[in-house]
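Reproduced below: start-v1.pdb, with PDB, C-alpha atoms.
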ATOM      1  CA  MET A 692     -25.060  -3.365   5.081
ATOM      2  CA  GLY A 693     -21.709  -3.029   6.829
ATOM      3  CA  LEU A 694     -19.732  -5.927   8.255
ATOM      4  CA  ILE A 695     -20.788  -7.082  11.712
ATOM      5  CA  GLY A 696     -18.282  -8.303  14.269
ATOM      6  CA  SER A 697     -18.464 -12.026  14.978
ATOM      7  CA  LEU A 698     -16.960 -12.194  18.465
ATOM      8  CA  SER A 699     -19.203 -12.313  21.514
ATOM      9  CA  LYS A 700     -18.726 -10.164  24.604
ATOM     10  CA  GLU A 701     -17.419 -13.214  26.451
ATOM     11  CA  GLN A 702     -14.876 -13.922  23.727
ATOM     12  CA  LEU A 703     -13.700 -10.310  23.681
ATOM     13  CA  ASN A 704     -13.343 -10.292  27.457
ATOM     14  CA  PHE A 705     -11.317 -13.510  27.334
ATOM     15  CA  PHE A 706      -9.064 -12.074  24.631
ATOM     16  CA  ASP A 707      -8.562  -8.839  26.567
ATOM     17  CA  SER A 708      -7.651 -10.772  29.719
ATOM     18  CA  ASN A 709      -5.465 -13.497  28.240
ATOM     19  CA  GLY A 710      -4.103 -12.078  24.982
ATOM     20  CA  PHE A 711      -5.314 -15.021  22.918
ATOM     21  CA  LEU A 712      -8.595 -16.591  21.858
ATOM     22  CA  VAL A 713      -9.282 -20.119  20.601
ATOM     23  CA  ILE A 714     -12.128 -20.454  18.078
ATOM     24  CA  GLU A 715     -12.937 -24.095  17.333
ATOM     25  CA  SER A 716     -14.190 -25.268  13.909
ATOM     26  CA  PHE A 717     -13.407 -21.893  12.323
ATOM     27  CA  TYR A 718     -12.872 -23.593   8.973
ATOM     28  CA  SER A 719     -14.393 -26.938   7.990
ATOM     29  CA  SER A 720     -12.468 -30.135   7.308
ATOM     30  CA  ASP A 721     -13.122 -29.664   3.584
ATOM     31  CA  GLU A 722     -11.740 -26.119   3.684
ATOM     32  CA  VAL A 723      -8.683 -27.289   5.616
ATOM     33  CA  LEU A 724      -8.134 -30.045   3.060
ATOM     34  CA  GLU A 725      -8.376 -27.520   0.220
ATOM     35  CA  MET A 726      -5.523 -25.500   1.737
ATOM     36  CA  ARG A 727      -3.405 -28.569   2.404
ATOM     37  CA  ASN A 728      -3.919 -29.899  -1.108
ATOM     38  CA  ARG A 729      -3.004 -26.539  -2.608
ATOM     39  CA  MET A 730       0.220 -26.428  -0.606
ATOM     40  CA  ALA A 731       1.044 -29.955  -1.805
ATOM     41  CA  GLU A 732       0.700 -28.652  -5.365
ATOM     42  CA  LEU A 733       2.978 -25.693  -4.652
ATOM     43  CA  LEU A 734       5.575 -27.991  -3.097
ATOM     44  CA  ASP A 735       5.404 -30.332  -6.060
ATOM     45  CA  GLY A 736       6.303 -27.442  -8.360
ATOM     46  CA  PHE A 737       9.156 -26.228  -6.154
ATOM     47  CA  ASP A 738      12.637 -26.975  -7.496
ATOM     48  CA  ALA A 739      14.467 -27.697  -4.268
ATOM     49  CA  PRO A 740      18.087 -27.611  -5.528
ATOM     50  CA  SER A 741      17.678 -24.119  -7.005
ATOM     51  CA  SER A 742      16.871 -22.411  -3.707
ATOM     52  CA  SER A 743      18.028 -23.437  -0.251
ATOM     53  CA  SER A 744      17.328 -20.768   2.316
ATOM     54  CA  ILE A 745      17.048 -21.968   5.911
ATOM     55  CA  PHE A 746      14.689 -20.496   8.490
ATOM     56  CA  SER A 747      15.470 -20.475  12.197
ATOM     57  CA  THR A 748      14.207 -18.350  15.065
ATOM     58  CA  LYS A 749      17.371 -19.193  17.010
ATOM     59  CA  ASN A 750      19.765 -17.899  14.337
ATOM     60  CA  GLN A 751      17.556 -15.298  12.694
ATOM     61  CA  GLN A 752      20.229 -12.644  12.199
ATOM     62  CA  GLN A 753      22.762 -14.989  10.625
ATOM     63  CA  LEU A 754      20.269 -16.738   8.336
ATOM     64  CA  THR A 755      18.371 -13.688   7.082
ATOM     65  CA  ASP A 756      19.411 -13.226   3.454
ATOM     66  CA  ASP A 757      18.190 -11.585   0.253
ATOM     67  CA  TYR A 758      15.931 -14.559  -0.434
ATOM     68  CA  PHE A 759      14.224 -13.910   2.894
ATOM     69  CA  PHE A 760      13.825 -10.172   2.266
ATOM     70  CA  GLU A 761      12.397 -10.721  -1.201
ATOM     71  CA  SER A 762       9.901 -13.262   0.174
ATOM     72  CA  ALA A 763       7.796 -10.417   1.568
ATOM     73  CA  GLU A 764       6.243 -10.079  -1.878
ATOM     74  CA  LYS A 765       6.625 -13.660  -3.107
ATOM     75  CA  ILE A 766       5.844 -17.284  -2.347
ATOM     76  CA  SER A 767       9.188 -18.554  -1.056
ATOM     77  CA  PHE A 768      10.288 -21.835   0.485
ATOM     78  CA  PHE A 769      12.447 -22.151   3.609
ATOM     79  CA  PHE A 770      14.105 -25.326   4.830
ATOM     80  CA  GLU A 771      14.442 -26.669   8.348
ATOM     81  CA  GLU A 772      17.879 -26.294   9.928
ATOM     82  CA  LYS A 773      18.170 -30.076  10.271
ATOM     83  CA  ALA A 774      17.032 -30.811   6.711
ATOM     84  CA  PHE A 775      20.545 -31.091   5.260
ATOM     85  CA  GLY A 776      23.269 -33.637   5.866
ATOM     86  CA  ASN A 777      26.977 -32.921   6.173
ATOM     87  CA  ASP A 778      27.283 -33.346   2.409
ATOM     88  CA  GLY A 779      24.872 -30.456   1.837
ATOM     89  CA  ASN A 780      22.134 -32.675   0.432
ATOM     90  CA  LEU A 781      18.634 -33.118   1.839
ATOM     91  CA  ARG A 782      18.336 -35.964   4.320
ATOM     92  CA  GLN A 783      14.784 -36.721   3.202
ATOM     93  CA  PRO A 784      12.264 -35.673   0.496
ATOM     94  CA  LYS A 785      11.676 -31.939   0.101
ATOM     95  CA  GLU A 786       8.069 -32.373   1.279
ATOM     96  CA  LEU A 787       9.435 -33.401   4.679
ATOM     97  CA  SER A 788      12.245 -30.830   4.744
ATOM     98  CA  ILE A 789      10.477 -27.475   4.412
ATOM     99  CA  ASN A 790      10.047 -25.342   7.523
ATOM    100  CA  LYS A 791       7.607 -22.860   6.011
ATOM    101  CA  VAL A 792       6.363 -21.172   2.851
ATOM    102  CA  GLY A 793       5.873 -17.394   2.893
ATOM    103  CA  HIS A 794       5.275 -14.537   2.985
ATOM    104  CA  ALA A 795       2.749 -13.445   0.336
ATOM    105  CA  LEU A 796       0.498 -16.477  -0.057
ATOM    106  CA  HIS A 797      -2.442 -14.252   0.865
ATOM    107  CA  GLU A 798      -1.746 -11.961  -2.094
ATOM    108  CA  ILE A 799      -0.490 -14.251  -4.842
ATOM    109  CA  ASP A 800      -2.211 -17.612  -4.496
ATOM    110  CA  PRO A 801      -5.985 -17.656  -5.186
ATOM    111  CA  ILE A 802      -6.776 -20.399  -2.655
ATOM    112  CA  PHE A 803      -4.875 -18.829   0.231
ATOM    113  CA  ASN A 804      -6.132 -15.388  -0.770
ATOM    114  CA  LYS A 805      -9.694 -16.664  -0.433
ATOM    115  CA  PHE A 806      -9.200 -18.013   3.073
ATOM    116  CA  SER A 807      -6.899 -15.220   4.293
ATOM    117  CA  ASN A 808      -9.283 -12.447   3.262
ATOM    118  CA  SER A 809     -12.613 -14.125   3.952
ATOM    119  CA  GLU A 810     -15.569 -12.360   5.518
ATOM    120  CA  LYS A 811     -15.110 -14.604   8.572
ATOM    121  CA  ILE A 812     -11.602 -13.186   9.036
ATOM    122  CA  SER A 813     -12.758  -9.608   8.444
ATOM    123  CA  SER A 814     -15.552  -9.924  10.996
ATOM    124  CA  ILE A 815     -13.041 -10.805  13.714
ATOM    125  CA  PHE A 816     -11.194  -7.552  13.133
ATOM    126  CA  CYS A 817     -14.457  -5.657  13.041
ATOM    127  CA  SER A 818     -15.055  -7.012  16.556
ATOM    128  CA  LEU A 819     -11.545  -5.960  17.607
ATOM    129  CA  GLY A 820     -12.177  -2.387  16.448
ATOM    130  CA  TYR A 821      -9.929  -2.336  13.376
ATOM    131  CA  LYS A 822     -10.969   0.274  10.835
ATOM    132  CA  ARG A 823      -8.927  -0.864   7.819
ATOM    133  CA  PRO A 824      -7.230  -4.201   8.567
ATOM    134  CA  VAL A 825      -4.691  -5.520   6.070
ATOM    135  CA  VAL A 826      -3.024  -8.932   5.967
ATOM    136  CA  ILE A 827       0.644  -7.981   5.946
ATOM    137  CA  GLN A 828       2.176 -11.466   6.066
ATOM    138  CA  SER A 829       1.186 -15.095   5.536
ATOM    139  CA  MET A 830       3.058 -18.301   6.264
ATOM    140  CA  TYR A 831       2.286 -21.969   5.825
ATOM    141  CA  ILE A 832       4.182 -23.723   8.629
ATOM    142  CA  PHE A 833       4.894 -27.457   8.476
ATOM    143  CA  LYS A 834       6.486 -28.371  11.836
ATOM    144  CA  GLN A 835       7.940 -31.448  10.192
ATOM    145  CA  PRO A 836       8.032 -34.787  12.031
ATOM    146  CA  GLY A 837      11.329 -35.352  13.789
ATOM    147  CA  ILE A 838      13.001 -32.117  12.629
ATOM    148  CA  GLY A 839      10.338 -29.412  13.079
ATOM    149  CA  GLY A 840      12.284 -26.544  14.640
ATOM    150  CA  GLU A 841      11.646 -24.715  17.892
ATOM    151  CA  VAL A 842      10.100 -21.243  17.757
ATOM    152  CA  VAL A 843      11.555 -19.289  20.668
ATOM    153  CA  PRO A 844       9.417 -17.013  22.897
ATOM    154  CA  HIS A 845       8.486 -13.880  20.976
ATOM    155  CA  GLN A 846       5.887 -11.182  20.311
ATOM    156  CA  ASP A 847       4.490 -10.567  16.829
ATOM    157  CA  ASN A 848       4.688  -6.784  17.246
ATOM    158  CA  SER A 849       8.482  -7.153  17.401
ATOM    159  CA  PHE A 850       8.616  -8.024  13.697
ATOM    160  CA  LEU A 851       5.640  -6.156  12.211
ATOM    161  CA  TYR A 852       5.559  -2.861  14.032
ATOM    162  CA  THR A 853       3.183   0.039  13.519
ATOM    163  CA  GLU A 854       2.898   3.252  15.506
ATOM    164  CA  PRO A 855       0.896   2.721  17.647
ATOM    165  CA  PRO A 856       1.236  -1.092  17.663
ATOM    166  CA  SER A 857      -1.605  -2.897  15.885
ATOM    167  CA  CYS A 858      -0.410  -6.352  14.810
ATOM    168  CA  THR A 859      -2.674  -9.304  15.567
ATOM    169  CA  GLY A 860      -1.744 -12.861  14.651
ATOM    170  CA  LEU A 861      -4.083 -15.559  13.382
ATOM    171  CA  TRP A 862      -2.905 -19.154  13.661
ATOM    172  CA  LEU A 863      -5.067 -21.706  11.870
ATOM    173  CA  ALA A 864      -4.448 -25.362  12.670
ATOM    174  CA  LEU A 865      -4.440 -27.449   9.485
ATOM    175  CA  GLU A 866      -3.649 -30.584  11.493
ATOM    176  CA  ASP A 867      -4.288 -31.418  15.135
ATOM    177  CA  ALA A 868      -1.736 -29.600  17.298
ATOM    178  CA  THR A 869      -0.654 -31.345  20.492
ATOM    179  CA  ILE A 870       2.070 -31.105  23.097
ATOM    180  CA  ILE A 871       3.693 -34.081  21.355
ATOM    181  CA  ASN A 872       3.958 -32.551  17.858
ATOM    182  CA  GLY A 873       4.740 -28.948  18.801
ATOM    183  CA  CYS A 874       1.575 -26.987  19.616
ATOM    184  CA  LEU A 875       1.615 -23.324  20.569
ATOM    185  CA  TRP A 876       2.374 -22.303  24.149
ATOM    186  CA  ALA A 877       1.560 -18.858  25.580
ATOM    187  CA  ILE A 878       1.840 -16.864  28.795
ATOM    188  CA  PRO A 879      -1.736 -15.751  29.547
ATOM    189  CA  GLY A 880      -1.963 -12.013  30.188
ATOM    190  CA  SER A 881       1.619 -11.314  29.089
ATOM    191  CA  HIS A 882       0.373  -8.859  26.450
ATOM    192  CA  LYS A 883      -0.471  -6.434  29.243
ATOM    193  CA  ASN A 884       3.241  -5.837  29.884
ATOM    194  CA  GLY A 885       3.744  -4.235  26.464
ATOM    195  CA  LEU A 886       6.344  -4.761  23.760
ATOM    196  CA  VAL A 887       9.702  -6.058  24.988
ATOM    197  CA  ARG A 888      11.903  -5.509  21.912
ATOM    198  CA  ARG A 889      11.862  -4.979  18.163
ATOM    199  CA  PHE A 890      13.477  -6.754  15.223
ATOM    200  CA  ILE A 891      14.728  -3.953  12.974
ATOM    201  CA  ARG A 892      16.569  -3.476   9.697
ATOM    202  CA  ASP A 893      19.184  -0.714   9.450
ATOM    203  CA  ASP A 894      22.722  -0.082   8.168
ATOM    204  CA  ASN A 895      23.922  -2.973  10.348
ATOM    205  CA  GLY A 896      21.519  -5.438   8.739
ATOM    206  CA  VAL A 897      18.705  -7.014  10.742
ATOM    207  CA  HIS A 898      18.874  -7.387  14.500
ATOM    208  CA  PHE A 899      16.922  -7.044  17.713
ATOM    209  CA  ASP A 900      17.245  -3.680  19.416
ATOM    210  CA  ARG A 901      17.815  -5.344  22.786
ATOM    211  CA  ASN A 902      18.436  -8.767  24.302
ATOM    212  CA  SER A 903      15.583 -11.105  25.038
ATOM    213  CA  PRO A 904      14.531 -11.407  28.656
ATOM    214  CA  SER A 905      14.432 -14.854  30.222
ATOM    215  CA  TYR A 906      11.004 -16.415  30.733
ATOM    216  CA  ASN A 907       9.736 -18.800  33.371
ATOM    217  CA  GLN A 908       8.611 -21.848  31.408
ATOM    218  CA  LYS A 909       6.130 -22.691  34.170
ATOM    219  CA  GLU A 910       4.096 -19.619  33.147
ATOM    220  CA  PHE A 911       3.392 -20.975  29.653
ATOM    221  CA  VAL A 912       0.217 -22.942  28.947
ATOM    222  CA  PRO A 913      -0.205 -25.305  25.959
ATOM    223  CA  LEU A 914      -2.792 -24.501  23.297
ATOM    224  CA  GLU A 915      -3.706 -27.955  22.039
ATOM    225  CA  VAL A 916      -6.260 -27.648  19.246
ATOM    226  CA  LYS A 917      -7.982 -29.664  16.542
ATOM    227  CA  ALA A 918      -7.559 -29.035  12.810
ATOM    228  CA  GLY A 919      -9.769 -26.163  11.689
ATOM    229  CA  THR A 920      -9.320 -24.251  14.940
ATOM    230  CA  LEU A 921      -8.239 -20.608  14.789
ATOM    231  CA  VAL A 922      -6.098 -19.018  17.499
ATOM    232  CA  VAL A 923      -6.229 -15.208  17.669
ATOM    233  CA  ILE A 924      -2.985 -13.807  19.129
ATOM    234  CA  HIS A 925      -2.469 -10.292  20.523
ATOM    235  CA  GLY A 926       0.649  -8.653  19.072
ATOM    236  CA  ASP A 927       2.272  -8.346  22.495
ATOM    237  CA  LEU A 928       1.488 -11.884  23.701
ATOM    238  CA  ILE A 929       4.563 -13.950  24.598
ATOM    239  CA  HIS A 930       4.220 -17.279  22.773
ATOM    240  CA  GLN A 931       6.414 -20.101  21.512
ATOM    241  CA  SER A 932       6.450 -23.690  20.274
ATOM    242  CA  PHE A 933       8.892 -26.515  20.872
ATOM    243  CA  GLU A 934      10.645 -28.872  18.473
ATOM    244  CA  ASN A 935       8.534 -31.567  16.917
ATOM    245  CA  LYS A 936      10.236 -34.814  17.837
ATOM    246  CA  SER A 937       7.147 -36.894  17.067
ATOM    247  CA  PRO A 938       6.445 -38.924  13.891
ATOM    248  CA  THR A 939       3.521 -36.656  12.909
ATOM    249  CA  SER A 940       3.612 -33.191  11.315
ATOM    250  CA  ARG A 941       1.732 -30.122  12.579
ATOM    251  CA  HIS A 942       0.691 -27.985   9.600
ATOM    252  CA  ALA A 943      -0.688 -24.497  10.244
ATOM    253  CA  LEU A 944      -1.454 -21.283   8.381
ATOM    254  CA  SER A 945      -0.213 -18.146  10.118
ATOM    255  CA  LEU A 946      -1.473 -14.672   9.201
ATOM    256  CA  HIS A 947      -0.479 -11.280  10.579
ATOM    257  CA  ILE A 948      -2.809  -8.330  10.287
ATOM    258  CA  VAL A 949      -2.252  -4.623  11.010
ATOM    259  CA  ASP A 950      -4.575  -1.632  10.939
ATOM    260  CA  THR A 951      -3.811   0.957   8.264
ATOM    261  CA  ASP A 952      -6.245   3.645   9.395
ATOM    262  CA  GLY A 953      -4.449   5.948  11.827
ATOM    263  CA  PHE A 954      -1.451   3.621  12.184
ATOM    264  CA  GLU A 955       1.976   4.180  10.599
ATOM    265  CA  TRP A 956       4.098   1.300   9.278
ATOM    266  CA  ALA A 957       7.582   1.509  10.782
ATOM    267  CA  LYS A 958      10.245   2.257   8.179
ATOM    268  CA  ASP A 959      12.810   0.049   9.931
ATOM    269  CA  ASN A 960      10.682  -3.121   9.811
ATOM    270  CA  TRP A 961      12.502  -5.965   8.051
TER
END

Represent the structure of the file as structure tokens.
Amino acid sequence: MGLIGSLSKEQLNFFDSNGFLVIESFYSSDEVLEMRNRMAELLDGFDAPSSSSIFSTKNQQQLTDDYFFESAEKISFFFEEKAFGNDGNLRQPKELSINKVGHALHEIDPIFNKFSNSEKISSIFCSLGYKRPVVIQSMYIFKQPGIGGEVVPHQDNSFLYTEPPSCTGLWLALEDATIINGCLWAIPGSHKNGLVRRFIRDDNGVHFDRNSPSYNQKEFVPLEVKAGTLVVIHGDLIHQSFENKSPTSRHALSLHIVDTDGFEWAKDNW
């Protein structure tokens, strides 16, 4: 028997209208804990002094290096911008200094592979009409207490472009996400305006093909969710998150999926 889509007509209509969909209790507390414990193991085995690449959405061009490029097929660790002191040393333990781990958790690690490629995930894309969905990128995001960096307004299709566009983001809360600790914010319906710009790689390195427009912050709505909640994000939806200035972290697993049946991967993707 073939896979059956799991989304209701009401959910599909909401997604089509707003560009995002919140699915509560997508994974259980035990499943969430399994992912968090596995990441703690990976962090424990990470030798912080040997690799110190920083991730920032504000300074993406300047901070994109070979370590970042190679991470597409590896499990790589990226520090927060504010993790290091003036002496070049970490201000706090590595566990509280990492911005994210990516970008091939879904391929390499058995635990994250299990949850990234589950039948529950596949059934969502069956509902969305994907013929051959493939997880193209995975990231474990920490949003560290006090130093968790801002993620500026963006669209996922900018970074993972196919012709025609087919990227959909999945954002799984592994801890409660609130306004205080840096939850997602989105402009409902903004996906209907299409793709604004692309992040490309060419002879000049990596860069956006045009400047970012300015956005009215009053149009964004917060997506406060409990751990275990999945947020489905249209590839053209404008979304962001603010710095985490609170004393609590906001762990999440982010996946990006594209269709590979009738869609061509852009050669100038990063």

Residues within 6 Å of region 716-732 of chain A, please, as an MDAnalysis selection string. Count only C-alpha atoms; anything in the same chain fewer than 5 positions from it doesn't count. chainID A and resid 865 919:921

Save the residues we just selected, C-alpha atoms, as an mmCIF file, in the frame of the given file?
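Once everything was written out, this is again.cif:
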data_model
loop_
_atom_site.group_PDB
_atom_site.id
_atom_site.type_symbol
_atom_site.label_atom_id
_atom_site.label_comp_id
_atom_site.auth_asym_id
_atom_site.auth_seq_id
_atom_site.Cartn_x
_atom_site.Cartn_y
_atom_site.Cartn_z
ATOM 1 C CA LEU A 865 -4.440 -27.449 9.485
ATOM 2 C CA GLY A 919 -9.769 -26.163 11.689
ATOM 3 C CA THR A 920 -9.320 -24.251 14.940
ATOM 4 C CA LEU A 921 -8.239 -20.608 14.789
#

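The closest residue to Leu787 (chain A), picked from A:Leu694, A:Leu946, A:Ala957, A:Leu734 and counting all atoms listed in the file, is A:Leu734.
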
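Of the listed residues (A:Leu698, A:Val922, A:Leu914, A:Ile929), A:Leu914 comes nearest to Ile871 (chain A); the distances count all atoms listed in the file.
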
Any chance you could work out the residue set of the PyMOL selection byres ((chain A and resi 763) around 10) here, as a list in words? Tyr758, Phe759, Phe760, Glu761, Ser762, Glu764, Lys765, Ile766, Ser767, Gly793, His794, Ala795, Leu796, Ile827, Gln828, Ser829 and Trp961 of chain A

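Computed from the coordinates, the CA of Arg823 (chain A) to CA of Asp952 (chain A) distance equals 5.5 Å.
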
Name all residues at most 9 Å from Ser814 (chain A) (count all atoms listed in the file; drop same-chain ones fewer than 5 positions away) and give them as a PyMOL selection string. chain A and resi 694-698+809+819
